[in-house]
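**Q** Below is the file entry.txt, which contains compact mmCIF, C-alpha atoms.
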```txt
# COMPACT_ATOMS: atom_id res chain seq x y z
CA MET A 1 170.11 95.43 238.61
CA SER A 2 167.74 98.41 238.60
CA ASP A 3 167.63 100.91 241.47
CA HIS A 4 164.12 99.72 242.28
CA GLN A 5 165.16 96.08 242.45
CA GLY A 6 168.10 97.03 244.67
CA THR A 7 165.90 98.86 247.17
CA GLU A 8 163.48 95.92 247.24
CA ASP A 9 166.29 93.46 248.00
CA LEU A 10 167.68 95.67 250.75
CA GLY A 11 164.21 96.16 252.22
CA MET A 12 163.64 92.42 252.41
CA LEU A 13 167.03 91.89 254.02
CA LEU A 14 166.37 94.54 256.66
CA LYS A 15 162.86 93.28 257.38
CA ASP A 16 164.12 89.73 257.87
CA SER A 17 166.92 90.92 260.14
CA LEU A 18 164.57 93.02 262.26
CA LYS A 19 162.19 90.10 262.61
CA GLN A 20 164.94 87.64 263.57
CA GLN A 21 166.28 90.00 266.21
CA SER A 22 162.84 91.07 267.47
CA LEU A 23 163.57 94.70 266.74
CA SER A 24 161.17 97.41 265.68
CA MET A 25 162.08 100.21 263.29
CA ARG A 26 161.80 102.60 266.20
CA LYS A 27 164.30 100.54 268.20
CA LEU A 28 166.65 100.39 265.21
CA SER A 29 166.33 104.15 264.92
CA GLY A 30 167.50 104.53 268.51
CA LEU A 31 170.47 102.24 267.89
CA THR A 32 171.58 103.77 264.59
CA ASN A 33 170.51 107.38 265.13
CA ILE A 34 168.72 107.21 261.77
CA ASP A 35 165.26 108.74 261.75
CA THR A 36 162.47 106.14 261.96
CA ALA A 37 160.76 107.62 258.91
CA THR A 38 163.99 107.30 256.92
CA ILE A 39 164.37 103.66 257.92
CA SER A 40 160.76 103.04 256.92
CA ARG A 41 161.28 104.64 253.51
CA ILE A 42 164.44 102.60 252.91
CA ILE A 43 162.78 99.34 253.92
CA ASN A 44 159.74 100.06 251.75
CA GLY A 45 161.82 100.98 248.71
CA LYS A 46 160.83 104.65 248.72
CA GLN A 47 164.30 105.99 249.46
CA PRO A 48 167.75 104.61 248.54
CA ALA A 49 170.13 103.91 251.39
CA LYS A 50 173.33 105.91 251.53
CA LEU A 51 176.64 104.37 252.45
CA ASP A 52 176.44 105.76 255.98
CA HIS A 53 173.04 104.08 256.42
CA LEU A 54 174.51 100.76 255.30
CA ARG A 55 177.42 101.10 257.72
CA ARG A 56 175.07 101.66 260.64
CA PHE A 57 172.77 98.81 259.61
CA ALA A 58 175.78 96.52 259.37
CA GLU A 59 176.99 97.50 262.83
CA HIS A 60 173.71 97.32 264.72
CA LEU A 61 172.00 94.49 262.86
CA HIS A 62 175.21 92.44 262.79
CA LEU A 63 175.01 92.03 259.03
CA PRO A 64 178.07 91.62 256.79
CA MET A 65 178.72 94.80 254.81
CA ASP A 66 179.22 92.71 251.68
CA LYS A 67 175.72 91.32 252.07
CA LEU A 68 174.24 94.81 252.32
CA LEU A 69 176.20 95.99 249.30
CA GLU A 70 175.02 92.98 247.34
CA ALA A 71 171.44 93.84 248.31
CA VAL A 72 171.81 97.25 246.65
CA GLY A 73 173.55 95.75 243.63
CA LEU A 74 177.14 96.76 244.36
CA ASN A 75 178.85 93.50 245.12
CA LYS A 76 178.46 91.52 241.90
CA GLY A 77 181.67 90.39 240.20
CA THR A 78 180.63 91.58 236.77
CA GLN A 79 179.55 94.96 238.12
CA HIS A 80 182.85 95.37 239.93
CA LYS A 81 184.70 94.77 236.69
CA GLU A 82 182.63 97.31 234.80
CA LEU A 83 182.95 99.94 237.52
CA ARG A 84 186.66 99.37 237.82
CA GLU A 85 187.13 100.00 234.09
CA GLU A 86 184.93 103.09 234.12
CA ILE A 87 185.89 104.83 237.31
CA GLY A 88 189.40 105.79 236.28
CA ASP A 89 188.28 107.45 233.04
CA SER A 90 187.45 110.86 234.49
CA VAL A 91 186.06 112.66 237.48
CA ALA A 92 182.88 113.16 235.47
CA THR A 93 182.45 109.41 235.35
CA ILE A 94 182.93 109.24 239.12
CA GLN A 95 180.25 111.85 239.62
CA GLU A 96 177.86 109.94 237.37
CA LEU A 97 178.60 106.72 239.25
CA LEU A 98 177.96 108.30 242.62
CA HIS A 99 174.75 109.87 241.38
CA SER A 100 173.51 106.61 239.93
CA ILE A 101 174.09 104.57 243.08
CA ARG A 102 173.09 107.47 245.33
CA LEU A 103 175.40 106.53 248.16
CA LEU A 104 177.42 109.70 248.52
CA ASP A 105 177.07 113.43 248.04
CA TYR A 106 179.94 114.23 245.68
CA GLN A 107 180.14 117.93 246.49
CA VAL A 108 180.17 117.29 250.24
CA THR A 109 182.87 114.64 249.82
CA ALA A 110 184.99 116.89 247.60
CA GLU A 111 184.83 119.70 250.16
CA HIS A 112 185.82 117.32 252.97
CA VAL A 113 188.76 116.07 250.89
CA ARG A 114 189.79 119.66 250.12
CA GLN A 115 189.91 120.44 253.84
CA GLU A 116 192.01 117.34 254.52
CA LEU A 117 194.41 118.27 251.73
CA ALA A 118 194.97 121.66 253.34
CA LYS A 119 196.07 119.89 256.54
CA TYR A 120 198.32 117.47 254.68
CA GLU A 121 199.89 120.34 252.73
CA GLN A 122 201.17 121.69 256.03
CA TYR A 123 202.39 118.24 257.04
CA ALA A 124 204.21 117.85 253.72
CA GLN A 125 206.41 120.78 254.73
CA THR A 126 207.82 118.85 257.68
CA GLU A 127 210.69 116.38 257.70
CA GLU A 128 208.37 113.67 259.02
CA GLY A 129 205.85 114.22 256.23
CA ASN A 130 208.60 114.05 253.63
CA ARG A 131 209.99 110.86 255.15
CA ILE A 132 206.58 109.18 255.12
CA ILE A 133 206.06 110.01 251.45
CA LEU A 134 209.47 108.70 250.40
CA GLU A 135 209.36 105.55 252.54
CA SER A 136 205.69 104.54 252.27
CA PHE A 137 204.47 105.49 248.80
CA HIS A 138 205.47 102.34 246.94
CA SER A 139 204.18 99.95 249.60
CA LYS A 140 200.83 101.75 249.60
CA VAL A 141 200.63 101.51 245.80
CA LYS A 142 201.04 97.74 246.05
CA GLU A 143 197.90 97.57 248.18
CA VAL A 144 195.90 99.16 245.36
CA SER A 145 197.27 96.68 242.79
CA GLY A 146 197.75 99.17 239.97
CA TRP A 147 194.40 100.87 239.57
CA GLY A 148 194.50 102.47 236.10
CA PRO A 149 194.83 106.24 235.55
CA PHE A 150 194.46 106.81 239.29
CA ILE A 151 197.75 105.04 239.95
CA ASN A 152 199.40 106.51 236.85
CA GLN A 153 198.68 110.00 238.15
CA LEU A 154 200.02 109.11 241.59
CA HIS A 155 203.24 107.77 240.07
CA TYR A 156 203.54 110.97 238.08
CA MET A 157 202.98 113.06 241.18
CA PHE A 158 205.52 111.07 243.18
CA SER A 159 208.16 111.46 240.46
CA LYS A 160 207.53 115.22 240.36
CA TYR A 161 207.64 115.40 244.14
CA CYS A 162 211.12 113.88 244.02
CA ASP A 163 212.25 116.24 241.24
CA GLU A 164 214.54 118.92 242.71
CA ARG A 165 213.46 121.36 239.99
CA VAL A 166 209.89 121.53 241.30
CA THR A 167 209.09 124.67 243.28
CA PRO A 168 208.48 124.26 247.02
CA GLU A 169 204.87 125.42 246.58
CA ASP A 170 204.15 122.73 244.01
CA ARG A 171 206.01 120.11 246.03
CA TYR A 172 203.79 120.77 249.03
CA ILE A 173 200.66 120.47 246.87
CA LEU A 174 201.96 117.19 245.48
CA GLY A 175 202.85 116.07 248.97
CA SER A 176 199.35 116.79 250.24
CA ALA A 177 197.78 114.36 247.73
CA LEU A 178 200.45 111.74 248.34
CA LEU A 179 200.00 111.96 252.11
CA TYR A 180 196.22 111.76 251.72
CA PHE A 181 196.67 108.57 249.71
CA ILE A 182 199.12 107.08 252.21
CA LEU A 183 197.67 108.17 255.55
CA SER A 184 194.12 109.41 255.28
CA ALA A 185 191.30 107.74 257.22
CA ASP A 186 189.11 107.24 254.19
CA ILE A 187 185.58 108.58 254.00
CA ILE A 188 184.74 105.28 252.37
CA PRO A 189 186.62 102.14 253.53
CA ASP A 190 189.08 100.93 250.89
CA TYR A 191 187.77 97.37 251.13
CA LEU A 192 184.54 98.55 249.48
CA PHE A 193 186.09 98.30 246.02
CA PRO A 194 185.76 100.21 243.76
CA ILE A 195 183.93 102.97 245.59
CA GLY A 196 186.38 102.81 248.47
CA TYR A 197 189.03 104.69 246.46
CA ILE A 198 186.79 107.48 245.20
CA ASP A 199 187.92 110.00 247.80
CA ASP A 200 191.55 109.22 246.90
CA VAL A 201 190.73 109.88 243.25
CA ILE A 202 189.09 113.17 244.23
CA ALA A 203 192.21 114.13 246.23
CA VAL A 204 194.43 113.47 243.21
CA GLN A 205 192.12 115.43 240.94
CA LEU A 206 191.93 118.44 243.28
CA ALA A 207 195.70 118.55 243.62
CA MET A 208 196.21 118.28 239.87
CA GLU A 209 193.74 121.11 239.29
CA ARG A 210 195.66 123.34 241.69
CA LEU A 211 198.93 122.51 240.00
CA SER A 212 197.59 123.13 236.50
CA SER A 213 196.24 126.53 237.51
CA SER A 214 199.33 127.70 239.36
CA ASP A 215 201.79 130.12 237.78
CA ASP A 216 204.58 127.55 238.00
CA SER A 217 202.51 124.59 236.77
CA ILE A 218 204.24 121.24 236.52
CA ALA A 219 201.83 120.08 233.81
```
Do you think you could lay out the structure here as structure tokens?

**A**
Amino acid sequence: MSDHQGTEDLGMLLKDSLKQQSLSMRKLSGLTNIDTATISRIINGKQPAKLDHLRRFAEHLHLPMDKLLEAVGLNKGTQHKELREEIGDSVATIQELLHSIRLLDYQVTAEHVRQELAKYEQYAQTEEGNRIILESFHSKVKEVSGWGPFINQLHYMFSKYCDERVTPEDRYILGSALLYFILSADIIPDYLFPIGYIDDVIAVQLAMERLSSSDDSIA
């Protein structure tokens, strides 16, 4: 589905919902805190909706998120399969995907993840953080159902985390990514597969970059 077709489908869905609920765009703006002009551009196909827009539309128009995602072309079975195969290839692919669907600012997301990793790095130095990693990692992996290179890297990181030869500094970096995967309140809900795991992929990539550039690299 082309971007143009996706915006048209979403516009029609929003127009119908507004009509059925006797809501104006101005009223929807008040409910969602999205500027009226932005709503108008989205409805008229002049601006793509970002994920945050879709979340607010779903909440205040009482529309299923799956239906909104389908309207922008992100909930088709064949598309899911293609994205799932592509997304684990590289961070470059992730960036291209995010740019093409225009739902998320990659740089903003990466910076947010970097800040969260800094917090989890401190937590990884505590007994509680260590316990959570050791006790919860495998059960969390099962929820993801083996998602390609993303999971392979996490398994690698977990094995290195458990290796007594790893320096404390590297263990804390590893722990930060593992804790992000296990505990983090995702920027994008995990049920929005495959895009729901993008911030986890970014967390893994950022941690691996730090490890590869450190003096005592585990790579």

**Q** What's the 8 Å shell around stretch 12-18 of chain A, counting all atoms listed in the file, without same-chain residues fewer than 5 positions away, as a PyMOL selection string?

**A** chain A and resi 23-25+43+61+68+71

**Q** In Å, with one decimal, what is the gap from atom CA of A:Ser22 to atom CA of A:Arg41?

**A** 19.5 Å

**Q** How far is it from atom CA of A:Ile182 to atom CA of A:Leu69, in Å with one decimal?

**A** 25.6 Å

**Q** Can you list every residue of stretch 116-155 of chain A that has an atom at most 8 Å from stretch 162-178 of chain A, with its nearest atom pair and the distance in Å to one decimal, using all atoms listed in the file, ordered by chain then number, as CSV?

**A**
```
residue,atom,partner,partner_atom,distance
A:Leu117,CA,A:Ser176,CA,5.4
A:Ala118,CA,A:Ser176,CA,7.2
A:Lys119,CA,A:Ser176,CA,7.7
A:Tyr120,CA,A:Ser176,CA,4.6
A:Glu121,CA,A:Ser176,CA,4.4
A:Gln122,CA,A:Tyr172,CA,7.5
A:Tyr123,CA,A:Ser176,CA,7.6
A:Ala124,CA,A:Gly175,CA,5.3
A:Gln125,CA,A:Tyr172,CA,6.3
A:Asn130,CA,A:Gly175,CA,7.7
A:Ile133,CA,A:Leu178,CA,6.6
A:Phe137,CA,A:Leu178,CA,7.4
A:Leu154,CA,A:Leu178,CA,7.3
```

**Q** One number please: atom CA of A:Leu28 to atom CA of A:Asp9, in Å, one decimal.

**A**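 Taking atom CA of A:Leu28 as the start and atom CA of A:Asp9 as the end point, the length is 18.6 Å.
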
**Q** Using all atoms listed in the file, which of the listed residues (A:Ile202, A:Ile39, A:Leu10, A:Ser29) sits closest to A:Asp66?

**A**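 Closest candidate: A:Leu10.
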
**Q** Which one is closest to A:Lys27: A:Gly45, A:His60, A:Val113, A:Arg55? Count all atoms listed in the file.

**A**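 Counting all atoms listed in the file, the residue closest to A:Lys27 is A:His60.
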
**Q** Give the answer as one residue: which of A:Leu51, A:Leu211, A:Glu127, A:Phe181 has the shortest atom-to-atom distance to A:Glu143, using all atoms listed in the file?

**A**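 Selected residue with least distance to A:Glu143: A:Phe181.
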
**Q** For stretch 29-38 of chain A, what centre and edge lengths in Å (one decimal) does the axis-aligned box get once 3 Å is added on each side of all its listed atoms, as lines of an AutoDock Vina configuration file?

**A**
```
center_x = 166.2
center_y = 105.5
center_z = 262.7
size_x = 16.8
size_y = 12.5
size_z = 17.6
```

**Q** Measuring between all atoms listed in the file, which one of A:Ile132, A:Val72, A:Ala207, A:Leu31 shows the shortest distance to A:Gln47?

**A** A:Val72
